file work-v2.txt (compact mmCIF, C-alpha atoms and all ligand atoms)
# COMPACT_ATOMS: atom_id res chain seq x y z
CA MET A 1 108.29 103.23 124.16
CA ARG A 2 107.47 106.14 126.50
CA VAL A 3 103.73 106.36 126.92
CA ALA A 4 101.70 109.02 128.75
CA VAL A 5 98.49 107.34 129.90
CA PHE A 6 95.64 109.74 130.66
CA SER A 7 92.35 109.42 132.58
CA THR A 8 93.63 106.50 134.61
CA LYS A 9 91.90 104.99 137.61
CA PRO A 10 93.47 102.33 139.87
CA TYR A 11 91.82 99.53 137.84
CA ASP A 12 93.32 100.90 134.58
CA ARG A 13 96.78 101.06 136.10
CA GLN A 14 96.49 97.48 137.29
CA SER A 15 95.27 95.99 134.01
CA LEU A 16 97.71 98.01 131.85
CA THR A 17 100.68 97.24 134.11
CA GLU A 18 99.86 93.52 134.01
CA ALA A 19 99.50 93.51 130.22
CA ASN A 20 102.72 95.52 129.84
CA ALA A 21 104.77 92.80 131.55
CA ALA A 22 105.06 91.07 128.17
CA HIS A 23 105.92 94.31 126.31
CA GLY A 24 108.19 96.44 128.52
CA HIS A 25 106.92 99.91 127.60
CA HIS A 26 107.59 102.83 129.95
CA LEU A 27 104.10 103.80 131.12
CA ASN A 28 103.50 107.02 133.00
CA PHE A 29 100.00 107.27 134.47
CA PHE A 30 98.13 110.57 134.77
CA GLU A 31 94.77 110.90 136.51
CA ALA A 32 93.94 114.02 134.50
CA ARG A 33 91.70 114.00 131.44
CA LEU A 34 93.54 114.89 128.28
CA THR A 35 92.29 118.19 126.86
CA ALA A 36 94.07 121.15 125.26
CA ALA A 37 94.65 122.42 128.84
CA THR A 38 96.49 119.28 129.98
CA ALA A 39 98.09 118.09 126.71
CA ALA A 40 101.44 119.70 127.60
CA LEU A 41 101.88 116.99 130.28
CA ALA A 42 102.60 114.60 127.40
CA ALA A 43 105.61 116.55 126.10
CA GLY A 44 108.46 114.15 125.36
CA TYR A 45 106.27 111.03 125.17
CA ASP A 46 106.20 109.13 121.86
CA ALA A 47 102.74 107.79 122.54
CA VAL A 48 99.68 108.95 124.39
CA CYS A 49 97.02 106.57 125.62
CA VAL A 50 93.50 107.93 126.24
CA PHE A 51 89.94 106.93 127.15
CA VAL A 52 86.44 107.93 126.05
CA ASN A 53 86.10 111.34 127.73
CA ASP A 54 89.51 112.70 126.77
CA GLN A 55 89.16 115.47 124.21
CA LEU A 56 91.42 115.05 121.21
CA ASP A 57 90.39 118.15 119.29
CA ALA A 58 92.68 119.99 116.87
CA ASP A 59 94.15 122.19 119.64
CA ALA A 60 95.00 119.27 121.92
CA LEU A 61 96.47 117.28 119.02
CA ALA A 62 98.64 120.23 117.91
CA ILE A 63 100.14 120.43 121.43
CA LEU A 64 100.75 116.67 121.45
CA ALA A 65 102.44 116.79 118.02
CA ALA A 66 104.64 119.70 119.10
CA GLY A 67 105.67 117.65 122.14
CA GLY A 68 106.75 114.70 119.98
CA THR A 69 103.69 112.41 120.15
CA ARG A 70 103.45 110.14 117.12
CA LEU A 71 100.92 107.57 118.28
CA LEU A 72 97.54 108.02 119.94
CA ALA A 73 96.41 104.71 121.46
CA LEU A 74 92.70 104.76 122.32
CA ARG A 75 91.56 102.40 125.06
CA SER A 76 88.13 102.40 123.43
CA ALA A 77 86.29 101.17 120.37
CA GLY A 78 84.60 104.55 119.73
CA PHE A 79 86.76 107.36 118.25
CA ASN A 80 84.19 110.18 118.08
CA HIS A 81 86.33 112.16 120.57
CA VAL A 82 89.28 112.42 118.15
CA ASP A 83 89.63 114.93 115.32
CA LEU A 84 90.93 112.39 112.81
CA ASP A 85 91.56 115.02 110.10
CA ALA A 86 93.79 116.98 112.46
CA ALA A 87 95.60 113.82 113.60
CA ALA A 88 96.33 112.87 109.97
CA ARG A 89 97.54 116.40 109.19
CA LEU A 90 99.86 116.36 112.20
CA GLY A 91 101.24 112.91 111.38
CA ILE A 92 99.79 111.24 114.48
CA THR A 93 98.73 107.62 113.99
CA VAL A 94 95.50 106.72 115.81
CA ALA A 95 94.93 103.17 117.03
CA ARG A 96 91.98 101.75 118.94
CA VAL A 97 90.59 98.59 120.53
CA PRO A 98 87.86 97.64 118.07
CA ALA A 99 86.41 94.72 120.01
CA TYR A 100 87.25 93.96 123.59
CA SER A 101 84.04 92.41 124.76
CA PRO A 102 80.81 93.08 122.95
CA TYR A 103 79.20 90.85 125.61
CA ALA A 104 80.09 93.29 128.41
CA VAL A 105 78.13 96.14 126.82
CA ALA A 106 75.29 93.97 125.47
CA GLU A 107 74.81 92.36 128.89
CA LEU A 108 74.65 95.78 130.58
CA ALA A 109 71.96 96.85 128.09
CA VAL A 110 69.99 93.74 129.08
CA ALA A 111 70.56 94.47 132.78
CA LEU A 112 69.06 97.94 132.26
CA ILE A 113 66.03 96.45 130.47
CA LEU A 114 65.41 93.84 133.17
CA SER A 115 65.87 96.34 136.00
CA LEU A 116 63.60 98.95 134.44
CA ASN A 117 60.92 96.45 133.45
CA ARG A 118 60.76 94.63 136.80
CA LYS A 119 61.69 97.76 138.82
CA ILE A 120 64.55 96.00 140.60
CA HIS A 121 66.12 99.33 141.62
CA ARG A 122 62.90 100.39 143.33
CA ALA A 123 62.22 96.97 144.86
CA PHE A 124 65.73 96.91 146.35
CA ALA A 125 65.19 100.26 148.07
CA ARG A 126 61.70 99.28 149.29
CA VAL A 127 62.72 95.96 150.82
CA ARG A 128 65.56 97.63 152.72
CA GLU A 129 62.97 100.00 154.20
CA GLY A 130 60.74 97.08 155.20
CA ASN A 131 58.22 98.01 152.47
CA PHE A 132 56.99 94.86 150.73
CA SER A 133 54.16 96.52 148.78
CA LEU A 134 54.09 95.61 145.08
CA ASP A 135 52.18 98.72 143.99
CA GLY A 136 54.07 100.40 141.15
CA LEU A 137 56.35 97.42 140.48
CA LEU A 138 54.27 95.84 137.70
CA GLY A 139 56.34 94.70 134.71
CA PHE A 140 55.66 92.79 131.48
CA ASP A 141 56.88 89.53 129.95
CA LEU A 142 59.80 90.12 127.60
CA HIS A 143 58.79 86.95 125.76
CA GLY A 144 56.94 87.91 122.59
CA ARG A 145 57.72 91.64 122.85
CA THR A 146 59.36 93.45 119.92
CA VAL A 147 62.89 94.73 120.45
CA GLY A 148 64.30 97.28 118.00
CA ILE A 149 68.07 97.28 117.58
CA VAL A 150 69.67 100.35 116.03
CA GLY A 151 73.13 99.24 114.91
CA THR A 152 73.83 95.53 114.56
CA GLY A 153 77.62 95.49 114.68
CA ARG A 154 79.49 93.54 117.32
CA ILE A 155 77.54 94.77 120.35
CA GLY A 156 74.18 94.88 118.55
CA GLU A 157 74.66 91.27 117.44
CA ALA A 158 75.57 90.09 120.97
CA PHE A 159 72.50 91.94 122.27
CA ALA A 160 70.30 90.42 119.55
CA ARG A 161 71.41 86.91 120.56
CA ILE A 162 70.42 87.48 124.19
CA MET A 163 67.06 89.02 123.34
CA ALA A 164 66.31 86.21 120.86
CA GLY A 165 66.95 83.86 123.79
CA PHE A 166 64.24 85.65 125.77
CA GLY A 167 61.80 84.90 122.95
CA CYS A 168 61.58 88.49 121.71
CA GLN A 169 60.75 89.51 118.14
CA LEU A 170 63.69 91.41 116.66
CA ILE A 171 63.55 94.36 114.30
CA ALA A 172 66.81 96.00 113.30
CA CYS A 173 68.18 98.92 111.34
CA ASP A 174 71.72 99.28 110.08
CA PRO A 175 73.14 100.57 106.78
CA SER A 176 75.16 97.30 106.70
CA PRO A 177 72.76 94.54 107.75
CA SER A 178 74.23 91.45 109.38
CA ASP A 179 73.52 87.91 108.14
CA ALA A 180 74.14 86.60 111.67
CA VAL A 181 71.44 88.91 113.06
CA ARG A 182 69.08 87.97 110.23
CA ALA A 183 69.69 84.31 111.09
CA LEU A 184 68.37 85.08 114.61
CA GLY A 185 65.06 85.99 112.99
CA ALA A 186 65.53 89.77 112.90
CA GLN A 187 63.71 91.77 110.23
CA TYR A 188 65.61 94.79 108.90
CA ALA A 189 63.64 97.99 108.43
CA ASP A 190 64.23 101.74 108.31
CA LEU A 191 64.54 103.67 111.58
CA HIS A 192 61.01 105.06 111.43
CA THR A 193 59.43 101.62 110.97
CA LEU A 194 61.58 100.24 113.78
CA LEU A 195 60.64 103.03 116.18
CA SER A 196 56.93 102.64 115.55
CA ALA A 197 57.03 98.84 115.96
CA ALA A 198 59.31 98.30 118.96
CA ASP A 199 58.36 97.92 122.63
CA ILE A 200 62.03 98.36 123.50
CA VAL A 201 64.53 100.35 121.42
CA ALA A 202 68.25 99.75 122.04
CA LEU A 203 70.92 101.98 120.50
CA HIS A 204 74.17 100.30 119.44
CA ALA A 205 75.32 102.62 116.63
CA PRO A 206 78.43 104.81 116.84
CA LEU A 207 78.24 108.58 117.32
CA THR A 208 78.80 110.25 113.95
CA PRO A 209 77.45 113.47 112.39
CA ASP A 210 74.66 111.27 110.96
CA THR A 211 73.65 109.66 114.27
CA ARG A 212 73.88 112.73 116.50
CA HIS A 213 70.44 113.26 118.10
CA LEU A 214 69.06 110.26 116.22
CA ILE A 215 66.58 110.22 119.10
CA ARG A 216 64.98 113.67 119.27
CA ALA A 217 61.47 115.12 119.52
CA GLU A 218 60.35 113.94 116.05
CA THR A 219 61.72 110.42 116.36
CA LEU A 220 60.48 110.05 119.96
CA ALA A 221 57.00 110.91 118.68
CA LEU A 222 57.18 107.84 116.41
CA MET A 223 57.79 105.48 119.34
CA LYS A 224 54.92 103.50 120.82
CA PRO A 225 53.44 105.13 123.93
CA GLY A 226 55.03 103.43 126.94
CA ALA A 227 58.02 102.05 124.99
CA MET A 228 61.43 101.74 126.62
CA LEU A 229 64.62 103.37 125.28
CA ILE A 230 68.09 102.03 126.09
CA ASN A 231 71.32 103.83 125.17
CA THR A 232 74.65 102.18 125.98
CA SER A 233 76.35 103.61 122.88
CA ARG A 234 77.24 107.31 123.09
CA GLY A 235 75.30 110.07 124.82
CA GLY A 236 75.17 112.26 121.70
CA LEU A 237 72.77 109.85 120.00
CA VAL A 238 70.00 111.12 122.28
CA ASP A 239 68.70 114.67 122.70
CA THR A 240 68.39 114.64 126.49
CA ARG A 241 66.02 117.60 126.73
CA ALA A 242 63.68 115.91 124.24
CA VAL A 243 63.61 112.65 126.24
CA ILE A 244 62.88 114.58 129.42
CA ALA A 245 59.89 116.19 127.63
CA ALA A 246 58.74 112.73 126.43
CA LEU A 247 59.05 111.35 129.97
CA LYS A 248 57.06 114.29 131.38
CA ARG A 249 54.29 113.63 128.81
CA ARG A 250 54.32 109.95 129.93
CA HIS A 251 54.94 109.06 126.28
CA LEU A 252 58.29 107.41 126.89
CA GLY A 253 57.66 104.52 129.28
CA ALA A 254 61.21 103.98 130.59
CA LEU A 255 64.73 105.12 129.88
CA GLY A 256 68.00 103.30 130.55
CA LEU A 257 71.24 105.15 129.91
CA ASP A 258 74.87 104.16 130.36
CA VAL A 259 76.02 107.25 128.47
CA TYR A 260 75.01 110.90 128.55
CA GLU A 261 75.63 113.84 126.22
CA GLU A 262 77.49 115.92 128.81
CA GLU A 263 79.00 113.02 130.72
CA GLU A 264 82.59 114.38 130.69
CA ALA A 265 81.85 116.62 133.68
CA LEU A 266 80.21 113.83 135.67
CA PHE A 267 81.11 110.27 134.84
CA PHE A 268 84.10 108.47 136.37
CA HIS A 269 84.24 111.05 139.24
CA ASP A 270 82.94 110.79 142.81
CA LEU A 271 80.76 113.89 143.12
CA SER A 272 78.78 112.61 146.11
CA ALA A 273 80.14 115.28 148.46
CA HIS A 274 80.14 118.01 145.81
CA GLY A 275 76.71 117.68 144.20
CA ILE A 276 75.63 117.79 140.57
CA ASP A 277 75.83 121.13 138.74
CA ASP A 278 74.18 119.84 135.56
CA ASP A 279 70.46 120.70 135.92
CA VAL A 280 69.41 118.59 132.92
CA PHE A 281 71.06 115.49 134.36
CA ALA A 282 69.67 116.27 137.83
CA ARG A 283 66.13 116.39 136.35
CA LEU A 284 66.68 113.17 134.44
CA VAL A 285 67.46 111.13 137.53
CA THR A 286 64.33 112.31 139.36
CA PHE A 287 62.09 110.10 137.20
CA PRO A 288 61.24 106.74 138.78
CA ASN A 289 61.33 105.10 135.34
CA VAL A 290 64.85 106.30 134.49
CA LEU A 291 67.95 104.29 135.32
CA VAL A 292 71.38 105.76 134.64
CA THR A 293 74.73 104.04 135.04
CA GLY A 294 77.97 105.98 134.64
CA HIS A 295 79.47 104.51 131.45
CA GLN A 296 80.18 101.09 132.94
CA GLY A 297 79.22 98.98 129.92
CA PHE A 298 82.86 98.13 129.28
CA PHE A 299 83.59 97.47 132.95
CA THR A 300 84.14 93.72 133.28
CA VAL A 301 87.41 91.97 134.14
CA ASP A 302 87.34 90.32 130.74
CA ALA A 303 86.92 93.59 128.86
CA LEU A 304 89.61 95.40 130.90
CA ARG A 305 92.06 92.58 130.19
CA ASN A 306 91.28 92.66 126.46
CA ILE A 307 91.54 96.48 126.33
CA ALA A 308 94.96 96.35 128.02
CA ASP A 309 96.25 93.49 125.84
CA THR A 310 95.17 95.12 122.56
CA THR A 311 96.49 98.54 123.63
CA MET A 312 99.91 97.04 124.42
CA ALA A 313 99.90 95.15 121.10
CA ASN A 314 99.09 98.43 119.29
CA LEU A 315 102.03 100.17 121.01
CA THR A 316 104.41 97.31 120.29
CA GLY A 317 103.29 97.05 116.65
CA PHE A 318 104.07 100.74 116.24
CA THR A 319 107.59 100.43 117.71
CA GLN A 320 108.35 97.37 115.59
CA GLY A 321 107.50 99.21 112.39
CA SER A 322 104.68 96.85 111.43
CA GLY A 323 102.28 99.48 112.79
CA PRO A 324 99.47 99.03 115.30
CA ALA A 325 97.12 96.23 114.30
CA HIS A 326 94.08 98.45 114.76
CA VAL A 327 94.67 101.79 113.08
CA VAL A 328 91.72 104.19 112.75
CA PRO A 329 91.95 105.34 109.13
CA ALA A 330 91.91 109.06 108.39
CA PRO A 331 88.51 110.10 107.01
CA VAL A 332 88.12 110.48 103.26
CA PRO A 333 87.56 114.21 102.59
CA ARG A 334 83.89 115.02 101.79
CA ARG A 335 83.32 116.62 98.40
P1 LIG B 401 80.51 98.23 115.45
O1 LIG B 401 81.31 99.15 114.61
O2 LIG B 401 80.85 96.77 115.48
O3 LIG B 401 78.95 98.35 115.07
C1 LIG B 401 78.30 99.58 114.89
C2 LIG B 401 77.17 99.31 113.89
O4 LIG B 401 76.38 100.51 113.80
C3 LIG B 401 77.70 99.00 112.47
O5 LIG B 401 77.10 97.81 112.00
C4 LIG B 401 77.24 100.22 111.66
O6 LIG B 401 76.93 99.88 110.30
C5 LIG B 401 76.00 100.64 112.44
N1 LIG B 401 75.55 101.99 112.15
C6 LIG B 401 76.29 103.07 111.76
N2 LIG B 401 75.47 104.12 111.54
C7 LIG B 401 74.22 103.70 111.80
C8 LIG B 401 72.94 104.32 111.74
N3 LIG B 401 72.80 105.61 111.36
N4 LIG B 401 71.84 103.58 112.06
C9 LIG B 401 71.97 102.30 112.42
N5 LIG B 401 73.16 101.65 112.49
C10 LIG B 401 74.26 102.34 112.19
O7 LIG B 401 80.57 98.85 116.92
P2 LIG B 401 80.27 98.11 118.31
O8 LIG B 401 81.53 97.48 118.81
O9 LIG B 401 79.05 97.28 118.18
O10 LIG B 401 79.97 99.36 119.26
C11 LIG B 401 78.83 100.18 119.07
C12 LIG B 401 79.01 101.44 119.89
O11 LIG B 401 78.94 101.10 121.29
C13 LIG B 401 80.39 102.10 119.76
O12 LIG B 401 80.45 102.96 118.64
C14 LIG B 401 80.54 102.83 121.04
O13 LIG B 401 80.06 104.15 120.84
C15 LIG B 401 79.60 102.09 122.02
N6 LIG B 401 80.34 101.47 123.12
C16 LIG B 401 79.93 101.74 124.40
C17 LIG B 401 80.59 101.18 125.48
C18 LIG B 401 80.15 101.41 126.90
O14 LIG B 401 80.95 101.18 127.82
N7 LIG B 401 78.93 101.84 127.15
C19 LIG B 401 81.77 100.33 125.28
C20 LIG B 401 82.06 100.04 123.89
C21 LIG B 401 81.38 100.63 122.86

call {"tool": "encode", "arguments": {"input": "work-v2.txt", "output": "structure tokens"}}
result
Amino acid sequence: MRVAVFSTKPYDRQSLTEANAAHGHHLNFFEARLTAATAALAAGYDAVCVFVNDQLDADALAILAAGGTRLLALRSAGFNHVDLDAAARLGITVARVPAYSPYAVAELAVALILSLNRKIHRAFARVREGNFSLDGLLGFDLHGRTVGIVGTGRIGEAFARIMAGFGCQLIACDPSPSDAVRALGAQYADLHTLLSAADIVALHAPLTPDTRHLIRAETLALMKPGAMLINTSRGGLVDTRAVIAALKRRHLGALGLDVYEEEEALFFHDLSAHGIDDDVFARLVTFPNVLVTGHQGFFTVDALRNIADTTMANLTGFTQGSGPAHVVPAPVPRR
């Protein structure tokens, strides 16, 4: 099958090429992001393979369909960047990688918590400068603290297991509670109760119309003064301007982000010689109690291998007529 692979970095090309050895697809790698402006590059390809910051809106999908694309293979679990209604209308099947390593993302969330709490990022810089002062590096024991988990699917459960191991109290909210998370001692509650009880709030819910700006001025006000917020899910869950205001008021104690609302213009690019044009992001990273990573939750060798293997299996399933194993169903129309 001829596949146009967008938003590829050297590590993607390597893992996809290795996985393809057992499948024999014709992969053509493009560095460009897929948007309506670049979609014409895929003309003549049966399948298009994309990542999290590609923009599969109705315009881009119409261009893909006109060029002969029948399968959209996402190299991600999240599919908030795809207009599923338009894809269904245009006869494009959408497949994804539902679970490639929940541990990779959960472990990064924990790394952000540990770094922010014990100020590892600041200590690293100080020691290199020959500054061994401990002023400003005071942390707290995680043991006994209450951790709120918003979304206890695959990643939320893996995260819950680690935090239970630290001796934390777990409080969770999810419209579909998990028995496995309950068995770890977690209490389920509504979002408001969770926010007012937790010392650390970690977001592991998908971005949907219902979860967009789940964390905004009103919900931030419910959080304990000095609490920590961690988002490794999708940037749109958090109203960035509202968290900046909460940080300025010293209400929010610490913020760890692996995702950002407007990350498409920033993440996965080297802008070190160019500078950052996004003033909101630039303000965010001035706070000493904010730690941002550039969407690297998925970035482990294990996860890359699993993403590549599942993507190839999706492509092969489609060519063999059995269909990709992991189809994203078209949404049921709202009445
Ligand atoms: P999942 O589908 O296994 O779990 C998501 C859970 O969120 C489900 O249990 C669902 O019921 C729950 N949920 C939905 N709406 C909710 C709401 N309003 N409040 C609370 N819970 C809600 O998904 P998984 O694999 O755990 O991934 C979670 C998210 O992590 C993905 O949607 C994706 O956006 C993000 N992600 C980030 C990565 C990174 O590199 N930073 C990599 C992979 C995923």

call {"tool": "residues_near_ligand", "arguments": {"input": "work-v2.txt", "ligand": "ligand LIG 401 (chain B)", "cutoff": "7 Å", "atoms": "all atoms listed in the file", "output": "PyMOL selection string"}}
result
chain A and resi 76-78+98-99+102+105+150-156+173-177+204-207+210-211+232-234+258-259+295-299

call {"tool": "residues_around", "arguments": {"input": "work-v2.txt", "residues": "Val3 (chain A)", "least_positions_apart": "2", "cutoff": "9 Å", "atoms": "only C-alpha atoms", "output": "list in words"}}
result
Met1, Val5, His25, His26, Leu27, Asn28, Phe29, Ala42, Tyr45, Asp46, Ala47, Val48, Cys49 and Leu315 of chain A

call {"tool": "residues_around", "arguments": {"input": "work-v2.txt", "residues": "region 162-170 of chain A", "least_positions_apart": "6", "cutoff": "9 Å", "atoms": "only C-alpha atoms", "output": "ChimeraX atom specification"}}
result
/A:106-107,110,142-149,181,184-188,198

call {"tool": "write_last_selection", "arguments": {"input": "work-v2.txt", "atoms": "C-alpha atoms", "output": "JSON list (two decimals), in the frame of the given file"}}
result
[["chain", "number", "residue", "atom", "x", "y", "z"],
["A", 106, "ALA", "CA", 75.29, 93.97, 125.47],
["A", 107, "GLU", "CA", 74.81, 92.36, 128.89],
["A", 110, "VAL", "CA", 69.99, 93.74, 129.08],
["A", 142, "LEU", "CA", 59.80, 90.12, 127.60],
["A", 143, "HIS", "CA", 58.79, 86.95, 125.76],
["A", 144, "GLY", "CA", 56.94, 87.91, 122.59],
["A", 145, "ARG", "CA", 57.72, 91.64, 122.85],
["A", 146, "THR", "CA", 59.36, 93.45, 119.92],
["A", 147, "VAL", "CA", 62.89, 94.73, 120.45],
["A", 148, "GLY", "CA", 64.30, 97.28, 118.00],
["A", 149, "ILE", "CA", 68.07, 97.28, 117.58],
["A", 181, "VAL", "CA", 71.44, 88.91, 113.06],
["A", 184, "LEU", "CA", 68.37, 85.08, 114.61],
["A", 185, "GLY", "CA", 65.06, 85.99, 112.99],
["A", 186, "ALA", "CA", 65.53, 89.77, 112.90],
["A", 187, "GLN", "CA", 63.71, 91.77, 110.23],
["A", 188, "TYR", "CA", 65.61, 94.79, 108.90],
["A", 198, "ALA", "CA", 59.31, 98.30, 118.96]]

call {"tool": "closest_residue", "arguments": {"input": "work-v2.txt", "among": "A:Val94, A:Leu255, A:Leu194, A:Ala87", "to": "Pro288 (chain A)", "atoms": "all atoms listed in the file"}}
result
A:Leu255

call {"tool": "residues_around", "arguments": {"input": "work-v2.txt", "residues": "Ala40 (chain A)", "least_positions_apart": "3", "cutoff": "12 Å", "atoms": "only C-alpha atoms", "output": "list in words"}}
result
Ala4, Phe6, Ala32, Arg33, Leu34, Thr35, Ala36, Ala37, Ala43, Gly44, Tyr45, Val48, Asp59, Ala60, Leu61, Ala62, Ile63, Leu64, Ala65, Ala66, Gly67, Gly68 and Thr69 of chain A

call {"tool": "atom_distance", "arguments": {"input": "work-v2.txt", "atom1": "CA of Leu112 (chain A)", "atom2": "CA of Phe51 (chain A)"}}
result
23.3 Å

call {"tool": "closest_residue", "arguments": {"input": "work-v2.txt", "among": "A:Asp179, A:Asp199, A:Asp239, A:Glu263", "to": "Leu214 (chain A)", "atoms": "all atoms listed in the file"}}
result
A:Asp239

call {"tool": "closest_residue", "arguments": {"input": "work-v2.txt", "among": "A:Ala111, A:Ala325, A:Ala19, A:Leu72", "to": "Ile92 (chain A)", "atoms": "all atoms listed in the file"}}
result
A:Leu72

call {"tool": "closest_residue", "arguments": {"input": "work-v2.txt", "among": "A:Ala109, A:Leu16, A:Leu271, A:Ala189", "to": "Met228 (chain A)", "atoms": "all atoms listed in the file"}}
result
A:Ala109

call {"tool": "residues_around", "arguments": {"input": "work-v2.txt", "residues": "Val301 (chain A)", "least_positions_apart": "6", "cutoff": "10 Å", "atoms": "all atoms listed in the file", "output": "ChimeraX atom specification"}}
result
/A:11,15,101,104,307

call {"tool": "decode", "arguments": {"input": "work-v2.txt", "residues": "region 100-121 of chain A", "atoms": "C-alpha atoms", "output": "CSV table (one decimal), in the first residue's frame"}}
result
chain,number,residue,atom,x,y,z
A,100,TYR,CA,1.1,1.9,22.9
A,101,SER,CA,2.5,2.4,26.3
A,102,PRO,CA,0.4,4.0,29.0
A,103,TYR,CA,3.5,3.7,31.2
A,104,ALA,CA,5.5,6.1,29.1
A,105,VAL,CA,3.0,8.9,29.6
A,106,ALA,CA,2.2,8.0,33.3
A,107,GLU,CA,5.9,7.9,34.1
A,108,LEU,CA,6.4,11.4,32.5
A,109,ALA,CA,3.6,12.8,34.6
A,110,VAL,CA,5.4,11.4,37.7
A,111,ALA,CA,8.7,12.8,36.5
A,112,LEU,CA,7.1,16.3,36.3
A,113,ILE,CA,5.6,15.9,39.8
A,114,LEU,CA,9.0,14.8,41.3
A,115,SER,CA,10.9,17.5,39.5
A,116,LEU,CA,8.5,20.3,40.5
A,117,ASN,CA,8.2,19.2,44.1
A,118,ARG,CA,11.9,18.7,44.7
A,119,LYS,CA,12.9,21.5,42.3
A,120,ILE,CA,15.3,19.2,40.4
A,121,HIS,CA,15.3,21.6,37.4
